[in-house]
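> The file below is run.cif, mmCIF, C-alpha atoms and all ligand atoms:
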```cif
data_query
loop_
_atom_site.label_atom_id
_atom_site.label_comp_id
_atom_site.auth_asym_id
_atom_site.auth_seq_id
_atom_site.Cartn_x
_atom_site.Cartn_y
_atom_site.Cartn_z
CA MET A 1 0.00 0.00 0.00
CA SER A 2 1.55 3.31 -0.95
CA LYS A 3 1.92 5.91 1.75
CA VAL A 4 0.07 9.20 1.89
CA LEU A 5 1.88 12.49 2.44
CA LEU A 6 0.23 14.32 5.28
CA LYS A 7 0.51 17.91 6.43
CA LEU A 8 -0.84 18.78 9.86
CA VAL A 9 -0.40 21.57 12.35
CA VAL A 10 0.06 19.86 15.70
CA ASN A 11 0.11 21.96 18.84
CA GLY A 12 0.92 25.00 16.72
CA ARG A 13 3.78 23.35 14.80
CA PRO A 14 3.57 22.42 11.11
CA GLN A 15 4.30 18.70 10.60
CA GLU A 16 4.77 16.83 7.34
CA PHE A 17 5.17 13.08 7.16
CA ALA A 18 4.10 9.98 5.23
CA CYS A 19 1.54 7.64 6.75
CA GLU A 20 -0.25 4.47 5.72
CA PRO A 21 -3.69 5.17 4.22
CA ASN A 22 -5.31 3.10 6.98
CA GLN A 23 -3.28 4.58 9.85
CA THR A 24 -5.28 6.18 12.63
CA LEU A 25 -4.60 9.67 13.87
CA LEU A 26 -3.79 8.18 17.28
CA ASP A 27 -1.04 6.00 15.79
CA ALA A 28 0.30 8.90 13.74
CA LEU A 29 0.52 11.10 16.83
CA ARG A 30 2.04 8.46 19.06
CA GLN A 31 4.30 6.60 16.62
CA ASP A 32 5.27 9.14 13.97
CA LEU A 33 5.31 12.31 16.03
CA GLY A 34 6.24 10.87 19.43
CA LEU A 35 3.29 12.52 21.16
CA THR A 36 2.35 9.74 23.57
CA GLY A 37 0.09 11.82 25.81
CA SER A 38 -3.03 10.69 23.96
CA LYS A 39 -3.88 7.20 25.20
CA ARG A 40 -5.33 4.07 23.64
CA GLY A 41 -7.95 2.76 26.02
CA CYS A 42 -10.71 0.88 24.20
CA ASP A 43 -9.58 1.49 20.60
CA ASP A 44 -13.24 1.51 19.53
CA SER A 45 -14.63 5.01 20.29
CA SER A 46 -15.98 4.09 23.71
CA CYS A 47 -13.72 5.61 26.38
CA GLY A 48 -12.43 9.03 25.30
CA ALA A 49 -8.82 8.39 26.37
CA CYS A 50 -7.59 9.25 22.86
CA THR A 51 -9.50 12.55 22.59
CA VAL A 52 -7.71 15.33 20.69
CA GLN A 53 -8.99 18.52 19.12
CA VAL A 54 -9.23 18.52 15.33
CA ASP A 55 -9.84 22.01 13.97
CA GLY A 56 -11.18 23.01 17.37
CA VAL A 57 -13.51 20.05 17.89
CA PRO A 58 -12.86 17.13 20.29
CA MET A 59 -12.52 13.94 18.27
CA LEU A 60 -11.60 10.34 19.04
CA ALA A 61 -8.22 9.78 17.44
CA CYS A 62 -8.39 5.97 17.75
CA THR A 63 -11.02 5.71 15.04
CA LEU A 64 -10.09 8.69 12.88
CA LEU A 65 -7.92 8.13 9.82
CA ALA A 66 -4.84 10.33 9.86
CA ALA A 67 -5.07 10.81 6.10
CA GLY A 68 -8.52 12.35 6.55
CA CYS A 69 -7.02 15.06 8.77
CA ASP A 70 -4.70 16.46 6.11
CA GLY A 71 -4.40 20.23 6.47
CA GLN A 72 -6.12 20.32 9.85
CA GLU A 73 -5.02 21.67 13.20
CA ILE A 74 -4.59 19.14 15.97
CA VAL A 75 -4.27 19.90 19.67
CA THR A 76 -3.13 17.14 22.01
CA VAL A 77 -2.67 17.21 25.77
CA GLU A 78 0.96 18.20 25.17
CA GLY A 79 -0.32 21.41 23.56
CA ILE A 80 -2.50 22.82 26.30
CA ALA A 81 0.22 23.87 28.72
CA ASP A 82 0.59 27.60 29.12
CA HIS A 83 4.06 28.63 27.83
CA GLY A 84 5.73 25.65 29.45
CA SER A 85 3.74 25.86 32.71
CA LEU A 86 0.78 23.68 33.59
CA ALA A 87 -2.54 25.14 32.47
CA ALA A 88 -5.02 25.94 35.26
CA ILE A 89 -7.03 22.81 34.51
CA GLN A 90 -3.93 20.59 34.61
CA LYS A 91 -2.92 22.02 37.95
CA ALA A 92 -6.45 21.77 39.36
CA PHE A 93 -6.79 18.10 38.37
CA GLY A 94 -3.64 17.34 40.31
CA GLU A 95 -4.71 19.31 43.35
CA TRP A 96 -8.31 18.05 43.52
CA GLY A 97 -7.63 14.37 42.90
CA GLY A 98 -9.10 14.48 39.40
CA SER A 99 -6.35 12.15 38.25
CA GLN A 100 -5.39 8.88 39.90
CA CYS A 101 -3.84 6.29 37.56
CA GLY A 102 -3.87 9.08 34.96
CA PHE A 103 -4.72 6.98 31.94
CA CYS A 104 -7.94 8.84 31.18
CA THR A 105 -6.54 12.25 32.11
CA PRO A 106 -5.26 13.44 28.71
CA GLY A 107 -8.69 12.88 27.17
CA PHE A 108 -10.41 14.73 29.99
CA MET A 109 -7.92 17.59 29.68
CA ILE A 110 -8.71 18.02 26.00
CA THR A 111 -12.46 17.93 26.57
CA VAL A 112 -12.29 20.48 29.39
CA HIS A 113 -9.94 22.67 27.36
CA TRP A 114 -12.49 22.65 24.56
CA LEU A 115 -15.42 23.29 26.93
CA LEU A 116 -13.80 26.30 28.58
CA GLY A 117 -12.83 27.66 25.17
CA GLN A 118 -16.49 27.54 24.16
CA ASN A 119 -17.93 28.64 27.49
CA PRO A 120 -15.62 30.05 30.16
CA ASN A 121 -18.28 29.75 32.87
CA PRO A 122 -20.26 26.53 32.34
CA THR A 123 -22.89 25.32 34.76
CA GLU A 124 -22.43 22.08 36.70
CA GLU A 125 -24.80 20.39 34.26
CA GLU A 126 -22.87 21.70 31.27
CA ILE A 127 -19.62 20.40 32.76
CA ARG A 128 -21.13 16.97 33.41
CA THR A 129 -22.63 16.81 29.92
CA ALA A 130 -19.34 17.83 28.27
CA LEU A 131 -17.40 15.18 30.19
CA SER A 132 -19.96 12.42 29.70
CA GLY A 133 -18.05 10.93 26.75
CA ASN A 134 -14.87 10.44 28.77
CA LEU A 135 -14.70 7.41 31.04
CA CYS A 136 -12.68 7.03 34.22
CA ARG A 137 -12.32 3.84 36.26
CA CYS A 138 -10.61 5.43 39.26
CA THR A 139 -11.90 8.77 40.49
CA GLY A 140 -15.68 8.54 40.73
CA TYR A 141 -15.81 11.79 38.70
CA ASN A 142 -16.75 14.21 41.50
CA GLN A 143 -13.12 15.22 42.02
CA MET A 144 -12.96 16.05 38.33
CA TYR A 145 -16.00 18.30 38.48
CA SER A 146 -14.49 20.03 41.52
CA ALA A 147 -11.22 20.46 39.62
CA VAL A 148 -12.99 22.00 36.64
CA LYS A 149 -14.81 24.45 38.93
CA ALA A 150 -11.52 25.30 40.69
CA ALA A 151 -9.86 25.93 37.34
CA ILE A 152 -12.73 28.18 36.27
CA ALA A 153 -12.46 30.15 39.53
CA ALA A 154 -8.69 30.41 39.10
CA GLU A 155 -9.04 31.64 35.52
CA GLN A 156 -11.55 34.23 36.70
CA ARG A 157 -9.10 35.41 39.34
CA GLY A 158 -6.44 35.50 36.65
CA LYS A 159 -4.16 32.99 38.30
CA VAL A 160 -3.76 29.25 38.71
CA PRO A 161 -5.13 27.64 41.88
CA ARG A 162 -2.98 27.36 45.00
S1 LIG B 1 -9.16 4.74 22.80
FE1 LIG B 1 -10.34 6.02 21.56
S2 LIG B 1 -12.26 6.15 22.51
FE2 LIG B 1 -11.14 4.71 23.71
S1 LIG B 2 -7.66 8.24 36.73
FE1 LIG B 2 -7.53 6.10 36.28
S2 LIG B 2 -8.96 5.82 34.66
FE2 LIG B 2 -9.24 7.85 35.27
#
```
Just give me the structure as structure tokens.

Amino acid sequence: MSKVLLKLVVNGRPQEFACEPNQTLLDALRQDLGLTGSKRGCDDSSCGACTVQVDGVPMLACTLLAAGCDGQEIVTVEGIADHGSLAAIQKAFGEWGGSQCGFCTPGFMITVHWLLGQNPNPTEEEIRTALSGNLCRCTGYNQMYSAVKAAIAAEQRGKVPR
């Protein structure tokens, strides 16, 4: 099978590489670009661990063909830090117990990053609805909702939570 030349912008950086026509975006990110933050949980669109933003929309990279993303902008968990420092939501997840084993965390980070970009002050129901496609086997979720609310409060104060 001949390879497909692919141009992406990943976390703000232009990337050009050849991929197999049937290669998933998750494999391209992890294997070709070395961005291993996005995780393979179920590999069948069920868990959200592989969530990345594609042209500003959260998508499941495990079932998305890389070749279909040619020319698009991808944001992975590696791209949401704030100039080399943890983003407010990353810090809040750590402080509020929103991450335990951490396997689901990159997907949650991307979904929350998208949510707060759309709506900087979501209601509890809006937070729960936005996160409903991401599964976690460890936390029980309430710590995550608390972390999101802490991050929102920190953003509103103009600083990360302490
Ligand atoms: S690994 Fe993609 S949704 Fe689970
Ligand atoms: S922290 Fe372990 S699956 Fe979510």
> Dump as a list in words all residues having an atom at most 10 Å from (-19.7, 20.9, 38.7), computed in the file's coordinates with all atoms listed in the file.
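Output of the proximity query reads Pro122, Thr123, Glu124, Glu125, Glu126, Ile127, Arg128, Tyr141, Asn142, Gln143, Met144, Tyr145, Ser146, Ala147, Val148, Lys149 and Ala150 of chain A.
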> Please, which residues have at least one atom within 8 Å of an atom of ligand LIG 1 (chain B), using all atoms listed in the file, listed as a list in words?
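Written in the requested form, the residues are Lys39, Arg40, Gly41, Cys42, Asp43, Asp44, Ser45, Ser46, Cys47, Gly48, Ala49, Cys50, Thr51, Leu60, Ala61, Cys62 and Thr63 of chain A.
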> Select the residues contacting ligand LIG 2 (chain B) at a distance of at most 7 Å, based on all atoms listed in the file, then format the selection as a ChimeraX atom specification.
/A:98-105,135-139
> With distances taken over only C-alpha atoms, which residue among A:Leu29, A:Lys3, A:His83, A:Trp114 lies nearest Asp55 in chain A?
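Going through A:Leu29, A:Lys3, A:His83, A:Trp114 one by one, the smallest distance to Asp55 in chain A is for A:Trp114.
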> Taking 3 positions as the minimum chain separation for residues in the same chain, which residues sit within 10 Å of range 88-91 of chain A when counting all atoms listed in the file? Answer as number ranges by chain.
A: 77, 80-82, 85, 94-96, 98-99, 105-106, 108-110, 112-113, 116, 144, 147-155, 158-162
> I'd like the neighbourhood of Arg13 in chain A as JSON, numbers by chain, where a residue qualifies if any of its atoms comes within 10 Å (using only C-alpha atoms), though same-chain residues fewer than 3 positions away should be ignored.
{"A": [8, 9, 10, 16, 73, 74, 79]}
> Using all atoms listed in the file, can you tell me which of A:Ser38, A:Pro58, A:Phe17, A:Gly97 comes closest to Gly140 in chain A?
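That would be A:Gly97, the residue with the smallest distance to Gly140 in chain A.
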> Mind pulling up the distance from CA of Gln118 in chain A to CA of Glu78 in chain A?
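Computing the Euclidean distance for CA of Glu78 in chain A and CA of Gln118 in chain A yields 19.8 Å.
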> Record the distance separating CA of Leu5 in chain A and CA of Leu35 in chain A, expressed in Å with one decimal.
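The value is 18.8 Å.
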> What is the distance between CA of Leu86 in chain A and CA of Lys7 in chain A, in Å to one decimal?
27.8 Å
> Skip Ala67 in chain A itself and residues of its chain fewer than 2 positions away, then list as an mmCIF file with C-alpha atoms, keeping the file's coordinate frame all residues within 7 Å of it, counting only C-alpha atoms.

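Saved as part_33.cif:
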```cif
data_model
loop_
_atom_site.group_PDB
_atom_site.id
_atom_site.type_symbol
_atom_site.label_atom_id
_atom_site.label_comp_id
_atom_site.auth_asym_id
_atom_site.auth_seq_id
_atom_site.Cartn_x
_atom_site.Cartn_y
_atom_site.Cartn_z
ATOM 1 C CA VAL A 4 0.070 9.200 1.890
ATOM 2 C CA LEU A 6 0.230 14.320 5.280
ATOM 3 C CA PRO A 21 -3.690 5.170 4.220
ATOM 4 C CA LEU A 65 -7.920 8.130 9.820
ATOM 5 C CA CYS A 69 -7.020 15.060 8.770
ATOM 6 C CA ASP A 70 -4.700 16.460 6.110
#
```
> Counting all atoms listed in the file, which residue out of A:Ala130, A:Met1, A:Leu64, A:Ala18 sits closest to Gln31 in chain A?
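Closest to Gln31 in chain A, using all atoms listed in the file: A:Ala18.
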> Which centre and which edge lengths, in Å to one decimal, describe the axis-aligned box that holds all listed atoms of range 138-150 of chain A after 6 Å is added on each side, as AutoDock Vina command-line options?

```
--center_x -13.7 --center_y 15.4 --center_z 39.3 --size_x 18.1 --size_y 31.9 --size_z 17.4
```
> Measuring atom to atom with only C-alpha atoms, identify which of A:Gly34, A:Thr24, A:Thr111, A:Thr76 is nearest to Thr129 in chain A.
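Ranking A:Gly34, A:Thr24, A:Thr111, A:Thr76 by distance to Thr129 in chain A, first place goes to A:Thr111.
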> Rank nothing, just name the residue among A:Gly117, A:Asn22, A:Arg30, A:Phe93 nearest to Gln53 in chain A, using all atoms listed in the file.
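So, comparing all the options, the nearest one is A:Gly117.
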> Write a file for range 43-93 of chain A of the given structure; include N, CA and C atoms and format it as an mmCIF file, in the first residue's frame.

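As a result, part30.cif now contains:
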```cif
data_model
loop_
_atom_site.group_PDB
_atom_site.id
_atom_site.type_symbol
_atom_site.label_atom_id
_atom_site.label_comp_id
_atom_site.auth_asym_id
_atom_site.auth_seq_id
_atom_site.Cartn_x
_atom_site.Cartn_y
_atom_site.Cartn_z
ATOM 1 N N ASP A 43 -9.869 1.591 22.034
ATOM 2 C CA ASP A 43 -9.583 1.485 20.598
ATOM 3 C C ASP A 43 -10.845 1.303 19.764
ATOM 4 N N ASP A 44 -12.017 1.643 20.330
ATOM 5 C CA ASP A 44 -13.242 1.515 19.529
ATOM 6 C C ASP A 44 -14.253 2.638 19.804
ATOM 7 N N SER A 45 -13.757 3.827 20.119
ATOM 8 C CA SER A 45 -14.625 5.010 20.288
ATOM 9 C C SER A 45 -15.513 4.961 21.521
ATOM 10 N N SER A 46 -15.109 4.212 22.541
ATOM 11 C CA SER A 46 -15.983 4.088 23.715
ATOM 12 C C SER A 46 -15.515 4.872 24.933
ATOM 13 N N CYS A 47 -14.206 5.132 25.079
ATOM 14 C CA CYS A 47 -13.717 5.607 26.380
ATOM 15 C C CYS A 47 -13.262 7.058 26.422
ATOM 16 N N GLY A 48 -12.863 7.632 25.310
ATOM 17 C CA GLY A 48 -12.428 9.030 25.299
ATOM 18 C C GLY A 48 -10.964 9.259 25.657
ATOM 19 N N ALA A 49 -10.216 8.199 25.962
ATOM 20 C CA ALA A 49 -8.816 8.394 26.372
ATOM 21 C C ALA A 49 -7.949 8.980 25.252
ATOM 22 N N CYS A 50 -8.380 8.794 24.012
ATOM 23 C CA CYS A 50 -7.594 9.250 22.860
ATOM 24 C C CYS A 50 -8.050 10.618 22.344
ATOM 25 N N THR A 51 -8.896 11.319 23.095
ATOM 26 C CA THR A 51 -9.498 12.555 22.588
ATOM 27 C C THR A 51 -8.440 13.622 22.272
ATOM 28 N N VAL A 52 -8.536 14.178 21.079
ATOM 29 C CA VAL A 52 -7.714 15.329 20.687
ATOM 30 C C VAL A 52 -8.657 16.334 20.015
ATOM 31 N N GLN A 53 -8.188 17.558 19.871
ATOM 32 C CA GLN A 53 -8.993 18.522 19.117
ATOM 33 C C GLN A 53 -8.537 18.528 17.670
ATOM 34 N N VAL A 54 -9.491 18.432 16.767
ATOM 35 C CA VAL A 54 -9.231 18.523 15.332
ATOM 36 C C VAL A 54 -9.988 19.741 14.816
ATOM 37 N N ASP A 55 -9.237 20.730 14.373
ATOM 38 C CA ASP A 55 -9.839 22.012 13.969
ATOM 39 C C ASP A 55 -10.825 22.508 15.026
ATOM 40 N N GLY A 56 -10.418 22.424 16.279
ATOM 41 C CA GLY A 56 -11.181 23.015 17.374
ATOM 42 C C GLY A 56 -12.283 22.149 17.946
ATOM 43 N N VAL A 57 -12.425 20.921 17.440
ATOM 44 C CA VAL A 57 -13.513 20.048 17.894
ATOM 45 C C VAL A 57 -12.923 18.784 18.522
ATOM 46 N N PRO A 58 -13.382 18.381 19.715
ATOM 47 C CA PRO A 58 -12.863 17.132 20.291
ATOM 48 C C PRO A 58 -13.265 15.929 19.431
ATOM 49 N N MET A 59 -12.282 15.125 19.097
ATOM 50 C CA MET A 59 -12.521 13.942 18.270
ATOM 51 C C MET A 59 -11.771 12.758 18.873
ATOM 52 N N LEU A 60 -12.227 11.559 18.528
ATOM 53 C CA LEU A 60 -11.604 10.341 19.038
ATOM 54 C C LEU A 60 -10.560 9.859 18.032
ATOM 55 N N ALA A 61 -9.296 10.036 18.391
ATOM 56 C CA ALA A 61 -8.215 9.779 17.441
ATOM 57 C C ALA A 61 -8.022 8.303 17.137
ATOM 58 N N CYS A 62 -8.597 7.411 17.978
ATOM 59 C CA CYS A 62 -8.394 5.973 17.750
ATOM 60 C C CYS A 62 -9.187 5.467 16.553
ATOM 61 N N THR A 63 -10.214 6.183 16.163
ATOM 62 C CA THR A 63 -11.023 5.713 15.036
ATOM 63 C C THR A 63 -11.121 6.774 13.934
ATOM 64 N N LEU A 64 -10.132 7.650 13.906
ATOM 65 C CA LEU A 64 -10.090 8.689 12.876
ATOM 66 C C LEU A 64 -8.872 8.416 11.997
ATOM 67 N N LEU A 65 -9.066 8.366 10.699
ATOM 68 C CA LEU A 65 -7.918 8.135 9.823
ATOM 69 C C LEU A 65 -7.062 9.391 9.755
ATOM 70 N N ALA A 66 -5.757 9.191 9.921
ATOM 71 C CA ALA A 66 -4.842 10.330 9.859
ATOM 72 C C ALA A 66 -4.944 11.030 8.508
ATOM 73 N N ALA A 67 -5.046 10.233 7.441
ATOM 74 C CA ALA A 67 -5.073 10.815 6.096
ATOM 75 C C ALA A 67 -6.266 11.749 5.908
ATOM 76 N N GLY A 68 -7.338 11.493 6.645
ATOM 77 C CA GLY A 68 -8.522 12.352 6.552
ATOM 78 C C GLY A 68 -8.355 13.677 7.266
ATOM 79 N N CYS A 69 -7.267 13.832 8.004
ATOM 80 C CA CYS A 69 -7.025 15.062 8.766
ATOM 81 C C CYS A 69 -6.049 15.989 8.060
ATOM 82 N N ASP A 70 -5.684 15.642 6.828
ATOM 83 C CA ASP A 70 -4.699 16.459 6.107
ATOM 84 C C ASP A 70 -5.115 17.931 6.111
ATOM 85 N N GLY A 71 -4.160 18.785 6.478
ATOM 86 C CA GLY A 71 -4.405 20.228 6.465
ATOM 87 C C GLY A 71 -5.082 20.753 7.715
ATOM 88 N N GLN A 72 -5.369 19.875 8.672
ATOM 89 C CA GLN A 72 -6.124 20.322 9.848
ATOM 90 C C GLN A 72 -5.209 20.603 11.031
ATOM 91 N N GLU A 73 -5.768 21.327 11.987
ATOM 92 C CA GLU A 73 -5.017 21.674 13.204
ATOM 93 C C GLU A 73 -5.392 20.719 14.314
ATOM 94 N N ILE A 74 -4.380 20.116 14.912
ATOM 95 C CA ILE A 74 -4.587 19.141 15.974
ATOM 96 C C ILE A 74 -4.035 19.710 17.274
ATOM 97 N N VAL A 75 -4.786 19.547 18.338
ATOM 98 C CA VAL A 75 -4.271 19.895 19.667
ATOM 99 C C VAL A 75 -4.339 18.648 20.529
ATOM 100 N N THR A 76 -3.196 18.273 21.095
ATOM 101 C CA THR A 76 -3.134 17.141 22.012
ATOM 102 C C THR A 76 -2.882 17.676 23.416
ATOM 103 N N VAL A 77 -2.877 16.767 24.385
ATOM 104 C CA VAL A 77 -2.669 17.210 25.769
ATOM 105 C C VAL A 77 -1.317 17.905 25.922
ATOM 106 N N GLU A 78 -0.350 17.543 25.077
ATOM 107 C CA GLU A 78 0.958 18.201 25.167
ATOM 108 C C GLU A 78 0.864 19.677 24.775
ATOM 109 N N GLY A 79 -0.225 20.045 24.080
ATOM 110 C CA GLY A 79 -0.322 21.405 23.560
ATOM 111 C C GLY A 79 -1.128 22.356 24.409
ATOM 112 N N ILE A 80 -1.640 21.903 25.552
ATOM 113 C CA ILE A 80 -2.504 22.825 26.300
ATOM 114 C C ILE A 80 -1.787 23.513 27.454
ATOM 115 N N ALA A 81 -0.534 23.166 27.682
ATOM 116 C CA ALA A 81 0.222 23.874 28.722
ATOM 117 C C ALA A 81 0.358 25.345 28.329
ATOM 118 N N ASP A 82 0.567 26.163 29.313
ATOM 119 C CA ASP A 82 0.595 27.604 29.116
ATOM 120 C C ASP A 82 2.052 28.080 29.135
ATOM 121 N N HIS A 83 2.659 28.199 27.945
ATOM 122 C CA HIS A 83 4.058 28.633 27.829
ATOM 123 C C HIS A 83 4.986 27.817 28.735
ATOM 124 N N GLY A 84 4.827 26.503 28.687
ATOM 125 C CA GLY A 84 5.725 25.649 29.447
ATOM 126 C C GLY A 84 5.279 25.400 30.878
ATOM 127 N N SER A 85 4.269 26.100 31.359
ATOM 128 C CA SER A 85 3.743 25.859 32.709
ATOM 129 C C SER A 85 2.425 25.117 32.581
ATOM 130 N N LEU A 86 2.063 24.372 33.628
ATOM 131 C CA LEU A 86 0.783 23.679 33.590
ATOM 132 C C LEU A 86 -0.359 24.673 33.433
ATOM 133 N N ALA A 87 -1.325 24.327 32.579
ATOM 134 C CA ALA A 87 -2.539 25.137 32.470
ATOM 135 C C ALA A 87 -3.335 24.997 33.772
ATOM 136 N N ALA A 88 -4.231 25.948 34.014
ATOM 137 C CA ALA A 88 -5.021 25.938 35.257
ATOM 138 C C ALA A 88 -5.736 24.606 35.446
ATOM 139 N N ILE A 89 -6.279 24.055 34.364
ATOM 140 C CA ILE A 89 -7.026 22.805 34.507
ATOM 141 C C ILE A 89 -6.086 21.647 34.819
ATOM 142 N N GLN A 90 -4.899 21.649 34.288
ATOM 143 C CA GLN A 90 -3.933 20.593 34.614
ATOM 144 C C GLN A 90 -3.553 20.651 36.082
ATOM 145 N N LYS A 91 -3.307 21.851 36.553
ATOM 146 C CA LYS A 91 -2.921 22.016 37.951
ATOM 147 C C LYS A 91 -4.080 21.627 38.872
ATOM 148 N N ALA A 92 -5.285 22.049 38.515
ATOM 149 C CA ALA A 92 -6.453 21.773 39.362
ATOM 150 C C ALA A 92 -6.739 20.267 39.437
ATOM 151 N N PHE A 93 -6.565 19.548 38.327
ATOM 152 C CA PHE A 93 -6.788 18.100 38.372
ATOM 153 C C PHE A 93 -5.828 17.451 39.367
#
```
